[in-house]
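Asks: One structure is given below, represented as structure tokens, and several questions about it will come after.
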Amino acid sequence: AVCNSIGSTIREVRRAAARTGIGIAIPSLKRNSVNRCKLAFKTVSFLDLESPRNIAPGDRIYDGIQYDKYWEIEKIFVKNYESEPFEYDAKDIIIWHKKIKEGMVGFAPECGPALILYPSIKRYMEAIIKSEEFRASIPTVMELDPTVWGKETVTGQEPPKGRYLYEPGTVPTLPPGVKLSSIPVSVSGEERIKFVELVNGAAARCIQMPKNLALGDSSNHNMASSQVDLQPWANKIMIDRCDFEPVTRRIFMMWADYASALDNDYLPQLARAALKSFTYSLSYDALFVHPDPNKNASARATDLISGATTLVREYKKLGLNARRELERDAALYGITFEQYMQTLLATRTTEFLKIIGEINEQNIDEEPIQQRSR
């Protein structure tokens with residue numbers, strides 16, 4: 001799977017669904033793969049879909065996608081620049097999309113509402129650039145003193161006008177009642193920054209993303225405020241992972257079916273039989289981790305001692321097998337696995353060990369009763 005970039009394909013499908021509203025991946029064979037299992041996937045953009053030329057109104061084909069009578073995707077048609085588009089059945093490929101509105105048949109980018117706000121930033125930045133260019137092209141202007149040029153005694157004289165040229169680095173000699181002034185600036189730089197951050201924050205809220213994450217700037221946050229702002233975003237990511245999980249599982253089953261069809265020496269017979277009832281869970285990186293590694297380690301130790309978590313769960317977060325890692329640690333210390341487990345149990349609280357002991361005693365007392373009942 002690594003040699004054929006299947007992991008990259010999964011990420012491309014998710015990005016395509018966020019960008020265009022739908023993600024599509026078509027199974028293919030990677031001819032130059034060094035692995036004997038050459039199964040790979042080719043991502044297709046929604047913009048590459050095209051409806052056939054001769055379609056009837058009752059065919060339910062729109063934008064290169066054919067729907068069944070329940071308006072579920074049945075087939076797709078990919079552009080073929082030489083003749084009619086290629087036809088693919090939905091059950092043979094990977095298709096994933098997230099409906100942002102109930103009863104919606106078409107597709108739209110997940111960040112669609114944000115796309116309406118970003119043109120405002122573009123127009124605002126263009127206005128700022130034009131203003132700065134104007135100020136740079138005319139750095140100073142001649143300002144006439146009204147107490148001098150406004151008197152009736154000088155009505156016969158023409159006031160200075162036009163351009164006043166002088167060499168850079170020299171002090172100009174100006175006519176009486178004239179001084180050089182710069183063009184005033186009405187908006188400060190801080191106000192401009194706040195406006196841009198405001199529009200970016202509003203656009204990020206369309207997908208429940210906090211402003212500090214969208215801007216990549218948490219300088220005005222502490223750990224507590226960052227956690228409060230990031231929690232809705234973390235919840236959205238966890239929900240999105242659950243929604244997208246069927247795609248990952250289906251790709252794995254496609255790979256397993258293809259690998260099982262190869263020669264017997266590629267997958268052992270035991271593995272082929274286990275794939276039919278193989279169960280597994282997906283592990284993801286933590287969404288919020290304290291930057292201090294000592295505090296993270298202390299928190300994990302507290303959870304382990306209190307029983308809020310287990311070593312199996314902690315190793316699962318890292319994508320590792322707990323039993324295998326513990327056996328390696330025991331071998332490193334030169335003791336058996338059972339002795340190593342006794343050492344780990346010694347770190348538990350006395351209350352925890354007391355409860356475990358009472359449960360074991362209760363099981364021992366109930367065993368003779370059960371034997372007599374038989």
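Residues in the structure tokens are named by chain (A, B, ... in the order shown) and by number from 1 within that chain; ligands are numbered from 1 in the order shown.
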May I have the residues within 8 Å of Pro210 of chain A as a PyMOL selection string, using only C-alpha atoms and disregarding those fewer than 6 positions away in the same chain?

Replies: chain A and resi 201+204+229-230+233

Asks: Go ahead and write the residues just picked, C-alpha atoms, as a short mmCIF file (atom, residue, chain, number, x, y, z; two decimals), in the first residue's frame.

Replies:
data_model
loop_
_atom_site.label_atom_id
_atom_site.label_comp_id
_atom_site.auth_asym_id
_atom_site.auth_seq_id
_atom_site.Cartn_x
_atom_site.Cartn_y
_atom_site.Cartn_z
CA GLY A 201 -12.23 34.76 10.99
CA ALA A 204 -13.12 30.24 8.85
CA ASP A 229 -11.56 27.98 20.67
CA LEU A 230 -10.19 24.72 19.31
CA TRP A 233 -13.02 22.44 15.60
#

Asks: Enumerate, as a ChimeraX atom specification, the complete set of residues in segment 88-330 of chain A that a backbone-based DSSP assignment places in strand (DSSP E).

Replies: /A:88-89,94-97,140-144,178-182

Asks: Name the residues in contact with segment 294-300 of chain A at a cut-off of 10 Å, using only C-alpha atoms, excluding same-chain residues fewer than 5 positions from it; report them as a list of chain:residue names.

Replies: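 Using only C-alpha atoms, the neighbours found are A:Val289, A:Ile305, A:Ser306, A:Ala308, A:Thr309, A:Thr310, A:Leu311, A:Glu314.
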
Asks: Which of segment 211-337 of chain A end up as alpha helix (DSSP H) when DSSP is run on this backbone - answer as a PyMOL selection string?

Replies: chain A and resi 211-215+223-260+269-275+293-306+311-317+322-333+337

Asks: Of the candidates A:Leu213, A:Leu287, A:Ile116, A:Leu282, which shows the shortest atom-to-atom distance to Val247 of chain A, using only C-alpha atoms?

Replies: A:Leu282
